[in-house]
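Structure first, then comments.
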Amino acid sequence: MASPVDISLTINGEPVDERVPARLSLVDFLRARMDLTGSHVGCEHGVCGACTVRLDGAIVRGCLTLAVQADGAVVETIEGVSDTGEIADLQEAFIRHAALQCGFCTPAMLLTAAELIANRPNADREEIRAFISGNYCRCTGYQAIVDAVEDVLASRQEGAGT
Amino acid sequence: MKAPDFSYLRAESVDQALDLLARHGDDARLLAGGQSLMATLNLRLSAPSVLVDLNHIPDLAGITETETAVRIGAMTRHVAVERSPVVARHLPLIAAAMPHVAHAAIRNRGTLGGSLALADPAAEMPACALALQAVLEIAGPGGRRRVAAADFFHGLFETDLAPDEILVAIEYPKAPAGARWGFRELARRHGDYAMVGLAAMVEGDPICGAGRLAYFAVEDRPVLAHAPASKLVGEVIDDTAITAAEDALDADLDPHGDLHADAATKRHLARVLTRRVLGDLRTV
Ligand SMILES: Cc1cc2nc3c(=O)[nH]c(=O)nc-3n(C[C@H](O)[C@H](O)[C@H](O)COP(=O)(O)OP(=O)(O)OC[C@H]3O[C@@H](n4cnc5c(N)ncnc54)[C@H](O)[C@@H]3O)c2cc1C
Ligand code: FES
Ligand code: FES
């Protein structure tokens with residue numbers, strides 16, 4: 001067997017030192033080693049988006065990134081961004097619009113929507129749909145998710161204006 | 001599924017990466033964005049024993065500009081290309097095509113060099129490289145060499161790259177004054193690989209002096225269709241020229257059916273796209 005690799009990274013603000021097999025994906029590392037099970041594993045080949053986490057501030061596929069590649073990086077998961085309150089309004093909007101049913105896609109959908117909100121404050125519905133196109137939801141039909149994101153974009157704009 | 005076991009080696013320079021490739025031979029694979037490679041490993045479609053990570057080689061990433069060209073390092077991520085003002089200004093075709101490459105989270109990690117080295121026949125960037133007459137810079141054990149995009153794509157996931165070589169950068173000539181571009185693709189869902197796509201560049205307004213039409217997701221590699229492009233040269237791009245180009249397409253394209261569409265459907269869709277893209281570029 002190939003030798004394991006030592007990694008040091010920051011996860012949700014906490015420094016972490018671990019020894020991992022090279023083949024371990026970032027999302028499996030977070031779930032199995034760090035007990036951060038909010039990031040989900042669906043297809044394991046990049047299609048469903050359920051494994052989305054933030055790596056150095058940008059969303060990535062946790063199944064297509066190796067844990068060893070997060071060495072020296074800052075990782076944020078849905079647990080971390082929930083605790084900081086950064087997406088509290090988005091989470092409330094998801095509940096208000098019934099933008100989740102089983103909830104399997106939701107943590108990843110929230111992180112994806114948060115990146116859209118941060119980078120494209122003026123996005124319209126079409127842009128919202130394009131941006132979340134890499135995240136499968138098998139329950140909601142997306143309509144309610146787009147509604148929720150649109151709602152937050154509008155209220156943050158309003159907040160910024162006053 | 002989970003990836004098979006492998007060793008992970010981090011290269012800090014191109015020379016070191018070349019050295020590792022030479023040492024491990026066929027057992028080694030270069031890891032760029034990993035957005036295609038990790039998927040194939042997780043699906044157990046390939047099982048290299050060593051991954052050589054290119055993500056820590058600083059001079060492989062970045063966009064630089066000379067008088068006549070834009071040079072993009074192989075490890076420049078899709079997102080950086082998508083947001084680059086230099087690309088928007090001088091390579092508007094790339095700027096228009098990049099949002100069609102996969103999804104935001106994948107573009108945050110995937111690299112331009114990875115897209116070209118992978119040579120998926122349905123990918124956008126290889127076709128744009130053909131339309132823009134890009135030159136690929138390749139490093140190998142014997143030094144560096146340059147290959148025109150037209151000579152780089154050999155077939156399905158096959159390129160001019162030898163297993164001990166690394167794609168270092170892609171150089172695109174800046175669009176000449178008066179050049180115009182068109183880009184469209186048909187996909188079932190935004191961000192999916194195209195069912196058929198077309199990246200086009202024409203020079204001269206209103207009389208077309210030169211034109212390049214690069215189709216993708218049609219054959220086993222992106223193809224420059226010379227016959228329809230030749231119907232535009234010396235003409236204004238109007239209904240007559242567009243119909244002539246469309247009619248010439250059959251001579252040049254030999255579509256291969258895939259999971260998304262059979263050959264006849266692809267032939268039809270290629271005609272539809274030709275009409276739409278040239279419609280975008282009409283001069284009268
Ligand atoms: C769900 C999904 C949808 C996608 N949709 C699209 C799409 O619509 N259009 C599209 O174009 N792509 C799409 N992709 C692929 C994505 O764009 C990849 O990022 C890209 O094709 C490969 O780039 P990479 O940097 O991730 O390369 P990797 O996956 O790291 O590498 C791919 C291959 O190229 C080799 N390689 C990489 N860099 C070099 C180099 N510098 N020199 C020599 N060899 C090298 C590797 O060894 C490997 O064999 C999709 C991917 C996924 C998971
Ligand atoms: S589990 Fe990563 S994209 Fe599906
Ligand atoms: S809520 Fe069930 S998959 Fe989205």
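Labels used: A, B, ... for chains in the order of the structure tokens, numbers from 1 for residues in each chain, and numbers from 1 for ligands as shown.
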Exercise for the section: Residues within 8 Å of ligand 1 should be enumerated using only C-alpha atoms and all ligand atoms and returned as a ChimeraX atom specification. Expected result: /A:45-48,64,134 /B:29-39,54,74-75,77-78,100-103,106-107,109-120,122-126,138,161,165-169,191-194
Practice task
Pick out the residues sitting within 7 Å of stretch 7-20 of chain B, and hand them over as a PyMOL selection string; count only C-alpha atoms, and ignore anything fewer than 5 positions along from it in its own chain.
Solution key: (chain A and resi 2-3+22) or (chain B and resi 49-54+56-57+140-141+164-165)
Exercise for the section: DSSP on the backbone, then: every residue of stretch 68-271 of chain B marked strand (DSSP E or B), written as a ChimeraX atom specification. Expected result: /B:69-73,77,111,135-140,143-148,153-155,158-159,166-173,180-186,196-203,207,210-216,223-224,236
Handout entry: A:Ala144, A:Ile132, A:Ala73, A:Leu36 ranked by distance to chain B, top pick (using only C-alpha atoms)
Key = A:Ile132
Exercise for the section: May I ask which of the residues A:Val41, A:Ala118, A:Val68, A:Val27 is the closest one to ligand 3, counting only C-alpha atoms and all ligand atoms? Expected result: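 Closest to ligand 3 of all the choices is A:Val41.
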Handout entry: Surrounding residues as a list of chain:residue names, ligand 3, max 10 Å, only C-alpha atoms and all ligand atoms
Key =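 Answer in the requested format: A:Cys48, A:Ala50, A:Ala98, A:Ala99, A:Leu100, A:Gln101, A:Cys102, A:Gly103, A:Phe104, A:Cys105, A:Thr106, A:Pro107, A:Ala108, A:Met109, A:Asn135, A:Tyr136, A:Cys137, A:Arg138, A:Cys139, A:Thr140, A:Gly141, A:Tyr142, A:Ile145.
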Residues as selected, N, CA, C and O atoms, written as a PDB file, in the first residue's frame, can you do that?
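Final file, again.pdb:
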ATOM      1  N   CYS A  48     -23.366  15.117  -9.204  1.00  0.00           N
ATOM      2  CA  CYS A  48     -24.546  15.494  -8.420  1.00  0.00           C
ATOM      3  C   CYS A  48     -24.352  16.740  -7.560  1.00  0.00           C
ATOM      4  O   CYS A  48     -25.315  17.404  -7.202  1.00  0.00           O
ATOM      5  N   ALA A  50     -23.560  16.961  -4.432  1.00  0.00           N
ATOM      6  CA  ALA A  50     -23.928  16.826  -3.019  1.00  0.00           C
ATOM      7  C   ALA A  50     -22.741  17.003  -2.064  1.00  0.00           C
ATOM      8  O   ALA A  50     -22.916  17.315  -0.891  1.00  0.00           O
ATOM      9  N   ALA A  98     -40.011  26.415   1.358  1.00  0.00           N
ATOM     10  CA  ALA A  98     -40.018  24.951   1.216  1.00  0.00           C
ATOM     11  C   ALA A  98     -39.051  24.520   0.114  1.00  0.00           C
ATOM     12  O   ALA A  98     -39.387  23.728  -0.761  1.00  0.00           O
ATOM     13  N   ALA A  99     -37.836  25.062   0.172  1.00  0.00           N
ATOM     14  CA  ALA A  99     -36.825  24.771  -0.846  1.00  0.00           C
ATOM     15  C   ALA A  99     -36.051  23.495  -0.512  1.00  0.00           C
ATOM     16  O   ALA A  99     -35.012  23.230  -1.100  1.00  0.00           O
ATOM     17  N   LEU A 100     -36.525  22.754   0.467  1.00  0.00           N
ATOM     18  CA  LEU A 100     -35.937  21.442   0.750  1.00  0.00           C
ATOM     19  C   LEU A 100     -37.037  20.475   1.161  1.00  0.00           C
ATOM     20  O   LEU A 100     -38.042  20.878   1.744  1.00  0.00           O
ATOM     21  N   GLN A 101     -36.828  19.232   0.772  1.00  0.00           N
ATOM     22  CA  GLN A 101     -37.765  18.186   1.218  1.00  0.00           C
ATOM     23  C   GLN A 101     -36.971  17.128   1.980  1.00  0.00           C
ATOM     24  O   GLN A 101     -36.905  17.140   3.187  1.00  0.00           O
ATOM     25  N   CYS A 102     -36.311  16.220   1.263  1.00  0.00           N
ATOM     26  CA  CYS A 102     -35.510  15.221   1.999  1.00  0.00           C
ATOM     27  C   CYS A 102     -34.262  15.834   2.606  1.00  0.00           C
ATOM     28  O   CYS A 102     -33.730  15.329   3.581  1.00  0.00           O
ATOM     29  N   GLY A 103     -33.761  16.923   2.000  1.00  0.00           N
ATOM     30  CA  GLY A 103     -32.603  17.615   2.554  1.00  0.00           C
ATOM     31  C   GLY A 103     -31.253  17.091   2.100  1.00  0.00           C
ATOM     32  O   GLY A 103     -30.220  17.638   2.478  1.00  0.00           O
ATOM     33  N   PHE A 104     -31.243  16.071   1.261  1.00  0.00           N
ATOM     34  CA  PHE A 104     -29.951  15.487   0.865  1.00  0.00           C
ATOM     35  C   PHE A 104     -29.095  16.500   0.105  1.00  0.00           C
ATOM     36  O   PHE A 104     -27.898  16.600   0.320  1.00  0.00           O
ATOM     37  N   CYS A 105     -29.726  17.267  -0.776  1.00  0.00           N
ATOM     38  CA  CYS A 105     -28.960  18.210  -1.603  1.00  0.00           C
ATOM     39  C   CYS A 105     -28.704  19.532  -0.887  1.00  0.00           C
ATOM     40  O   CYS A 105     -27.931  20.356  -1.373  1.00  0.00           O
ATOM     41  N   THR A 106     -29.398  19.762   0.239  1.00  0.00           N
ATOM     42  CA  THR A 106     -29.502  21.114   0.799  1.00  0.00           C
ATOM     43  C   THR A 106     -28.178  21.742   1.252  1.00  0.00           C
ATOM     44  O   THR A 106     -27.915  22.901   0.900  1.00  0.00           O
ATOM     45  N   PRO A 107     -27.326  21.035   2.007  1.00  0.00           N
ATOM     46  CA  PRO A 107     -26.080  21.697   2.430  1.00  0.00           C
ATOM     47  C   PRO A 107     -25.266  22.204   1.240  1.00  0.00           C
ATOM     48  O   PRO A 107     -24.757  23.332   1.259  1.00  0.00           O
ATOM     49  N   ALA A 108     -25.178  21.366   0.195  1.00  0.00           N
ATOM     50  CA  ALA A 108     -24.413  21.745  -1.000  1.00  0.00           C
ATOM     51  C   ALA A 108     -25.106  22.875  -1.742  1.00  0.00           C
ATOM     52  O   ALA A 108     -24.460  23.800  -2.255  1.00  0.00           O
ATOM     53  N   MET A 109     -26.420  22.814  -1.806  1.00  0.00           N
ATOM     54  CA  MET A 109     -27.189  23.845  -2.501  1.00  0.00           C
ATOM     55  C   MET A 109     -26.986  25.190  -1.790  1.00  0.00           C
ATOM     56  O   MET A 109     -26.843  26.237  -2.442  1.00  0.00           O
ATOM     57  N   ASN A 135     -25.855  21.206  -9.194  1.00  0.00           N
ATOM     58  CA  ASN A 135     -26.362  20.585  -7.965  1.00  0.00           C
ATOM     59  C   ASN A 135     -27.713  19.934  -8.230  1.00  0.00           C
ATOM     60  O   ASN A 135     -28.701  20.624  -8.486  1.00  0.00           O
ATOM     61  N   TYR A 136     -27.733  18.623  -8.134  1.00  0.00           N
ATOM     62  CA  TYR A 136     -28.994  17.907  -8.348  1.00  0.00           C
ATOM     63  C   TYR A 136     -29.891  18.005  -7.120  1.00  0.00           C
ATOM     64  O   TYR A 136     -29.420  17.841  -5.995  1.00  0.00           O
ATOM     65  N   CYS A 137     -31.183  18.239  -7.362  1.00  0.00           N
ATOM     66  CA  CYS A 137     -32.182  18.048  -6.318  1.00  0.00           C
ATOM     67  C   CYS A 137     -33.236  17.121  -6.893  1.00  0.00           C
ATOM     68  O   CYS A 137     -33.815  17.426  -7.940  1.00  0.00           O
ATOM     69  N   ARG A 138     -33.473  16.011  -6.239  1.00  0.00           N
ATOM     70  CA  ARG A 138     -34.448  15.053  -6.773  1.00  0.00           C
ATOM     71  C   ARG A 138     -35.848  15.267  -6.191  1.00  0.00           C
ATOM     72  O   ARG A 138     -36.767  14.548  -6.508  1.00  0.00           O
ATOM     73  N   CYS A 139     -35.996  16.247  -5.296  1.00  0.00           N
ATOM     74  CA  CYS A 139     -37.302  16.430  -4.655  1.00  0.00           C
ATOM     75  C   CYS A 139     -38.054  17.670  -5.113  1.00  0.00           C
ATOM     76  O   CYS A 139     -39.201  17.603  -5.508  1.00  0.00           O
ATOM     77  N   THR A 140     -37.406  18.822  -5.055  1.00  0.00           N
ATOM     78  CA  THR A 140     -38.176  20.071  -5.087  1.00  0.00           C
ATOM     79  C   THR A 140     -38.574  20.536  -6.479  1.00  0.00           C
ATOM     80  O   THR A 140     -39.458  21.378  -6.606  1.00  0.00           O
ATOM     81  N   GLY A 141     -37.895  20.079  -7.510  1.00  0.00           N
ATOM     82  CA  GLY A 141     -38.156  20.631  -8.837  1.00  0.00           C
ATOM     83  C   GLY A 141     -37.503  21.988  -9.048  1.00  0.00           C
ATOM     84  O   GLY A 141     -37.787  22.666 -10.029  1.00  0.00           O
ATOM     85  N   TYR A 142     -36.642  22.393  -8.123  1.00  0.00           N
ATOM     86  CA  TYR A 142     -35.801  23.607  -8.212  1.00  0.00           C
ATOM     87  C   TYR A 142     -36.536  24.941  -8.080  1.00  0.00           C
ATOM     88  O   TYR A 142     -35.948  25.933  -7.654  1.00  0.00           O
ATOM     89  N   ILE A 145     -36.255  26.525  -4.798  1.00  0.00           N
ATOM     90  CA  ILE A 145     -34.866  26.888  -4.488  1.00  0.00           C
ATOM     91  C   ILE A 145     -34.527  28.217  -5.160  1.00  0.00           C
ATOM     92  O   ILE A 145     -33.961  29.125  -4.544  1.00  0.00           O
TER      93      ILE A 145
END
Show me, as JSON lines, the residues of chain A having an atom within 9 Å of chain B, each with the closest atom pair and its distance in Å, using only C-alpha atoms.
{"residue": "A:Met1", "atom": "CA", "partner": "B:Asp5", "partner_atom": "CA", "distance": 6.9}
{"residue": "A:Ala2", "atom": "CA", "partner": "B:Ser7", "partner_atom": "CA", "distance": 5.1}
{"residue": "A:Ser3", "atom": "CA", "partner": "B:Ser7", "partner_atom": "CA", "distance": 6.8}
{"residue": "A:Pro4", "atom": "CA", "partner": "B:Ser7", "partner_atom": "CA", "distance": 8.2}
{"residue": "A:Val5", "atom": "CA", "partner": "B:Tyr8", "partner_atom": "CA", "distance": 8.2}
{"residue": "A:Pro21", "atom": "CA", "partner": "B:Asp5", "partner_atom": "CA", "distance": 8.2}
{"residue": "A:Ala22", "atom": "CA", "partner": "B:Tyr8", "partner_atom": "CA", "distance": 5.8}
{"residue": "A:Arg23", "atom": "CA", "partner": "B:Asp5", "partner_atom": "CA", "distance": 5.7}
{"residue": "A:Leu24", "atom": "CA", "partner": "B:Ala3", "partner_atom": "CA", "distance": 7.7}
{"residue": "A:Ser25", "atom": "CA", "partner": "B:Lys2", "partner_atom": "CA", "distance": 8.1}
{"residue": "A:Cys43", "atom": "CA", "partner": "B:Met1", "partner_atom": "CA", "distance": 8.2}
{"residue": "A:Glu44", "atom": "CA", "partner": "B:Met1", "partner_atom": "CA", "distance": 6.4}
{"residue": "A:His45", "atom": "CA", "partner": "B:Ala39", "partner_atom": "CA", "distance": 4.4}
{"residue": "A:Gly46", "atom": "CA", "partner": "B:Ala39", "partner_atom": "CA", "distance": 6.5}
{"residue": "A:Gly49", "atom": "CA", "partner": "B:Ala105", "partner_atom": "CA", "distance": 8.3}
{"residue": "A:Thr52", "atom": "CA", "partner": "B:Ala105", "partner_atom": "CA", "distance": 7.6}
{"residue": "A:Ala58", "atom": "CA", "partner": "B:Asn108", "partner_atom": "CA", "distance": 6.8}
{"residue": "A:Ile59", "atom": "CA", "partner": "B:Ala105", "partner_atom": "CA", "distance": 5.2}
{"residue": "A:Val60", "atom": "CA", "partner": "B:Ala105", "partner_atom": "CA", "distance": 4.6}
{"residue": "A:Arg61", "atom": "CA", "partner": "B:Ala105", "partner_atom": "CA", "distance": 6.3}
{"residue": "A:Cys63", "atom": "CA", "partner": "B:Met38", "partner_atom": "CA", "distance": 7.9}
{"residue": "A:Leu64", "atom": "CA", "partner": "B:Met38", "partner_atom": "CA", "distance": 5.2}
{"residue": "A:Thr65", "atom": "CA", "partner": "B:Gly34", "partner_atom": "CA", "distance": 6.8}
{"residue": "A:Leu66", "atom": "CA", "partner": "B:Met38", "partner_atom": "CA", "distance": 8.5}
{"residue": "A:Val68", "atom": "CA", "partner": "B:Tyr8", "partner_atom": "CA", "distance": 8.2}
{"residue": "A:Gln69", "atom": "CA", "partner": "B:Asp53", "partner_atom": "CA", "distance": 8.6}
{"residue": "A:Thr112", "atom": "CA", "partner": "B:Ala105", "partner_atom": "CA", "distance": 7.8}
{"residue": "A:Arg129", "atom": "CA", "partner": "B:His190", "partner_atom": "CA", "distance": 8.5}
{"residue": "A:Ala130", "atom": "CA", "partner": "B:His190", "partner_atom": "CA", "distance": 6.1}
{"residue": "A:Phe131", "atom": "CA", "partner": "B:Ala104", "partner_atom": "CA", "distance": 6.3}
{"residue": "A:Ile132", "atom": "CA", "partner": "B:His103", "partner_atom": "CA", "distance": 7.8}
{"residue": "A:Ser133", "atom": "CA", "partner": "B:His190", "partner_atom": "CA", "distance": 6.2}
{"residue": "A:Gly134", "atom": "CA", "partner": "B:His103", "partner_atom": "CA", "distance": 5.1}
{"residue": "A:Asn135", "atom": "CA", "partner": "B:His103", "partner_atom": "CA", "distance": 8.7}
Selected residues written out, N, CA and C atoms, as a compact mmCIF listing (two decimals), in the first residue's frame:
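Output saved as out.txt:
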# COMPACT_ATOMS: atom_id res chain seq x y z
N MET A 1 0.82 -1.21 0.00
CA MET A 1 0.00 0.00 0.00
C MET A 1 0.86 1.26 0.00
N ALA A 2 0.39 2.26 -0.74
CA ALA A 2 1.12 3.53 -0.78
C ALA A 2 1.14 4.17 0.61
N SER A 3 2.21 4.91 0.90
CA SER A 3 2.33 5.45 2.26
C SER A 3 1.37 6.61 2.48
N PRO A 4 0.85 6.71 3.71
CA PRO A 4 -0.04 7.81 4.05
C PRO A 4 0.72 9.14 4.08
N VAL A 5 -0.02 10.23 4.07
CA VAL A 5 0.57 11.56 3.98
C VAL A 5 0.08 12.40 5.16
N PRO A 21 -4.53 8.43 3.93
CA PRO A 21 -4.12 7.77 2.71
C PRO A 21 -4.29 8.73 1.52
N ALA A 22 -3.39 8.64 0.55
CA ALA A 22 -3.44 9.58 -0.58
C ALA A 22 -4.77 9.50 -1.31
N ARG A 23 -5.35 8.31 -1.37
CA ARG A 23 -6.54 8.15 -2.20
C ARG A 23 -7.82 8.65 -1.52
N LEU A 24 -7.73 9.08 -0.27
CA LEU A 24 -8.93 9.51 0.46
C LEU A 24 -9.44 10.84 -0.09
N SER A 25 -10.73 10.88 -0.46
CA SER A 25 -11.27 12.14 -0.98
C SER A 25 -11.51 13.10 0.18
N CYS A 43 -22.85 10.71 -6.05
CA CYS A 43 -22.38 9.94 -7.22
C CYS A 43 -20.90 9.57 -7.16
N GLU A 44 -20.10 10.34 -6.45
CA GLU A 44 -18.64 10.19 -6.38
C GLU A 44 -17.96 10.36 -7.73
N HIS A 45 -18.60 10.98 -8.70
CA HIS A 45 -17.84 11.31 -9.91
C HIS A 45 -18.18 12.70 -10.46
N GLY A 46 -18.55 13.59 -9.56
CA GLY A 46 -18.61 15.00 -9.94
C GLY A 46 -19.92 15.50 -10.50
N GLY A 49 -23.12 17.04 -7.19
CA GLY A 49 -22.85 18.24 -6.39
C GLY A 49 -23.10 18.12 -4.90
N THR A 52 -20.37 19.24 -2.17
CA THR A 52 -19.79 20.59 -2.23
C THR A 52 -19.29 21.09 -0.89
N ALA A 58 -13.62 29.04 -2.06
CA ALA A 58 -14.39 28.76 -3.28
C ALA A 58 -14.99 27.36 -3.21
N ILE A 59 -16.21 27.20 -3.73
CA ILE A 59 -16.84 25.88 -3.67
C ILE A 59 -16.15 24.90 -4.62
N VAL A 60 -15.99 23.67 -4.15
CA VAL A 60 -15.40 22.61 -4.97
C VAL A 60 -16.16 21.31 -4.71
N ARG A 61 -15.95 20.36 -5.61
CA ARG A 61 -16.46 19.01 -5.43
C ARG A 61 -15.59 18.28 -4.40
N CYS A 63 -15.72 15.23 -3.71
CA CYS A 63 -15.41 13.88 -4.20
C CYS A 63 -14.32 13.89 -5.26
N LEU A 64 -14.03 15.07 -5.83
CA LEU A 64 -13.02 15.15 -6.89
C LEU A 64 -11.77 15.88 -6.40
N THR A 65 -11.72 16.14 -5.10
CA THR A 65 -10.54 16.76 -4.49
C THR A 65 -10.03 15.78 -3.47
N LEU A 66 -8.72 15.61 -3.40
CA LEU A 66 -8.15 14.69 -2.42
C LEU A 66 -7.94 15.42 -1.10
N VAL A 68 -5.38 15.08 0.70
CA VAL A 68 -3.98 15.57 0.70
C VAL A 68 -3.85 16.90 -0.03
N GLN A 69 -4.75 17.16 -0.95
CA GLN A 69 -4.68 18.44 -1.66
C GLN A 69 -5.18 19.60 -0.81
N THR A 112 -23.52 26.54 -2.57
CA THR A 112 -23.47 27.02 -3.95
C THR A 112 -24.20 28.35 -4.07
N ARG A 129 -30.38 29.77 -12.01
CA ARG A 129 -30.51 28.39 -12.52
C ARG A 129 -29.20 27.89 -13.10
N ALA A 130 -28.53 28.74 -13.87
CA ALA A 130 -27.25 28.31 -14.46
C ALA A 130 -26.24 28.01 -13.35
N PHE A 131 -26.23 28.84 -12.33
CA PHE A 131 -25.22 28.69 -11.28
C PHE A 131 -25.43 27.43 -10.45
N ILE A 132 -26.69 27.08 -10.22
CA ILE A 132 -26.95 25.87 -9.41
C ILE A 132 -27.12 24.63 -10.30
N SER A 133 -26.80 24.77 -11.60
CA SER A 133 -27.02 23.64 -12.52
C SER A 133 -26.18 22.43 -12.15
N GLY A 134 -25.11 22.63 -11.39
CA GLY A 134 -24.26 21.51 -11.00
C GLY A 134 -24.70 20.83 -9.72
N ASN A 135 -25.86 21.21 -9.19
CA ASN A 135 -26.36 20.59 -7.97
C ASN A 135 -27.71 19.93 -8.23
Handout entry: Interatomic distance, atom CA of A:Asp124 to atom CA of B:Met98 (Å, one decimal)
Key = 19.3 Å
Practice task
Apply DSSP to the structure's backbone, then extract all residues of stretch 37-87 of chain A labelled helix (DSSP H, G or I) and return them as a list in words.
Solution key: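 The residues of stretch 37-87 of chain A classed as helix (DSSP H, G or I) are Ala67, Val68, Gln69, Ala70, Ile78, Glu79, Gly80, Val81, Ser82, Asp83 and Thr84 of chain A.
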Practice task
Find the distance between atom CA of B:Ala150 and atom CA of B:Leu130 and write it in Å to one decimal.
Solution key: 5.9 Å
Handout entry: Pairwise distance for atom CA of B:Glu185 and atom CA of B:Ile170, rounded to one decimal in Å
Key =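 Taking atom CA of B:Glu185 and atom CA of B:Ile170, their separation equals 22.9 Å.
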Exercise for the section: Pick out the residues sitting within 6 Å of stretch 133-137 of chain B, and hand them over as a list in words; count only C-alpha atoms, and ignore anything fewer than 6 positions along from it in its own chain. Expected result: Arg145, Arg146, Val147, Ala148, Ala149, Val168, Ala169, Ile170, Glu171 and Tyr172 of chain B
Would you mind exporting the chosen residues as a tab-separated table (two decimals), in the first residue's frame, restricted to all heavy atoms?
chain	number	residue	atom	x	y	z
B	145	ARG	N	8.74	22.24	-26.92
B	145	ARG	CA	8.35	22.31	-28.32
B	145	ARG	C	6.99	22.98	-28.41
B	145	ARG	O	6.27	23.07	-27.41
B	145	ARG	CB	8.32	20.91	-28.96
B	145	ARG	CG	7.27	19.98	-28.37
B	145	ARG	CD	7.45	18.55	-28.89
B	145	ARG	NE	6.42	17.67	-28.34
B	145	ARG	CZ	5.31	17.31	-29.01
B	145	ARG	NH1	5.09	17.76	-30.23
B	145	ARG	NH2	4.43	16.51	-28.45
B	146	ARG	N	6.65	23.46	-29.61
B	146	ARG	CA	5.38	24.14	-29.81
B	146	ARG	C	4.59	23.42	-30.90
B	146	ARG	O	5.16	23.03	-31.92
B	146	ARG	CB	5.62	25.60	-30.21
B	146	ARG	CG	6.18	26.44	-29.06
B	146	ARG	CD	6.87	27.71	-29.54
B	146	ARG	NE	5.95	28.62	-30.20
B	146	ARG	CZ	5.16	29.49	-29.56
B	146	ARG	NH1	5.21	29.59	-28.25
B	146	ARG	NH2	4.33	30.26	-30.22
B	147	VAL	N	3.31	23.24	-30.65
B	147	VAL	CA	2.46	22.52	-31.60
B	147	VAL	C	1.21	23.35	-31.88
B	147	VAL	O	0.59	23.87	-30.95
B	147	VAL	CB	2.01	21.16	-31.02
B	147	VAL	CG1	1.16	20.40	-32.01
B	147	VAL	CG2	3.21	20.33	-30.61
B	148	ALA	N	0.85	23.47	-33.13
B	148	ALA	CA	-0.38	24.18	-33.49
B	148	ALA	C	-1.58	23.34	-33.04
B	148	ALA	O	-1.55	22.11	-33.11
B	148	ALA	CB	-0.43	24.40	-34.99
B	149	ALA	N	-2.63	24.03	-32.58
B	149	ALA	CA	-3.84	23.31	-32.14
B	149	ALA	C	-4.33	22.36	-33.22
B	149	ALA	O	-4.78	21.25	-32.94
B	149	ALA	CB	-4.93	24.32	-31.77
B	168	VAL	N	2.47	23.02	-21.01
B	168	VAL	CA	2.92	24.10	-20.14
B	168	VAL	C	2.04	25.34	-20.29
B	168	VAL	O	1.68	25.99	-19.31
B	168	VAL	CB	4.39	24.45	-20.46
B	168	VAL	CG1	4.83	25.66	-19.68
B	168	VAL	CG2	5.29	23.27	-20.16
B	169	ALA	N	1.70	25.69	-21.51
B	169	ALA	CA	0.94	26.92	-21.74
B	169	ALA	C	0.25	26.86	-23.09
B	169	ALA	O	0.62	26.04	-23.95
B	169	ALA	CB	1.86	28.14	-21.68
B	170	ILE	N	-0.73	27.71	-23.24
B	170	ILE	CA	-1.44	27.82	-24.51
B	170	ILE	C	-1.34	29.28	-24.93
B	170	ILE	O	-1.63	30.18	-24.14
B	170	ILE	CB	-2.92	27.41	-24.38
B	170	ILE	CG1	-3.03	25.99	-23.81
B	170	ILE	CG2	-3.63	27.46	-25.73
B	170	ILE	CD1	-3.19	25.91	-22.32
B	171	GLU	N	-0.90	29.50	-26.16
B	171	GLU	CA	-0.74	30.86	-26.64
B	171	GLU	C	-1.76	31.13	-27.73
B	171	GLU	O	-1.85	30.39	-28.71
B	171	GLU	CB	0.68	31.03	-27.19
B	171	GLU	CG	1.12	32.46	-27.23
B	171	GLU	CD	2.59	32.54	-27.62
B	171	GLU	OE1	3.45	32.29	-26.77
B	171	GLU	OE2	2.84	32.82	-28.81
B	172	TYR	N	-2.55	32.18	-27.55
B	172	TYR	CA	-3.59	32.54	-28.52
B	172	TYR	C	-3.21	33.86	-29.18
B	172	TYR	O	-2.99	34.85	-28.48
B	172	TYR	CB	-4.93	32.75	-27.81
B	172	TYR	CG	-5.47	31.55	-27.07
B	172	TYR	CD1	-5.14	31.34	-25.74
B	172	TYR	CD2	-6.32	30.65	-27.70
B	172	TYR	CE1	-5.65	30.25	-25.05
B	172	TYR	CE2	-6.83	29.55	-27.01
B	172	TYR	CZ	-6.50	29.36	-25.69
B	172	TYR	OH	-7.00	28.28	-25.00
Exercise for the section: Write out as a VMD selection string the residues lying within 12 Å of stretch 10-12 of chain A, counting only C-alpha atoms and excluding same-chain residues fewer than 3 positions away. Expected result: chain A and resid 7 15 to 18 26 29 to 30 33 to 36 53 to 57 67 70 to 84
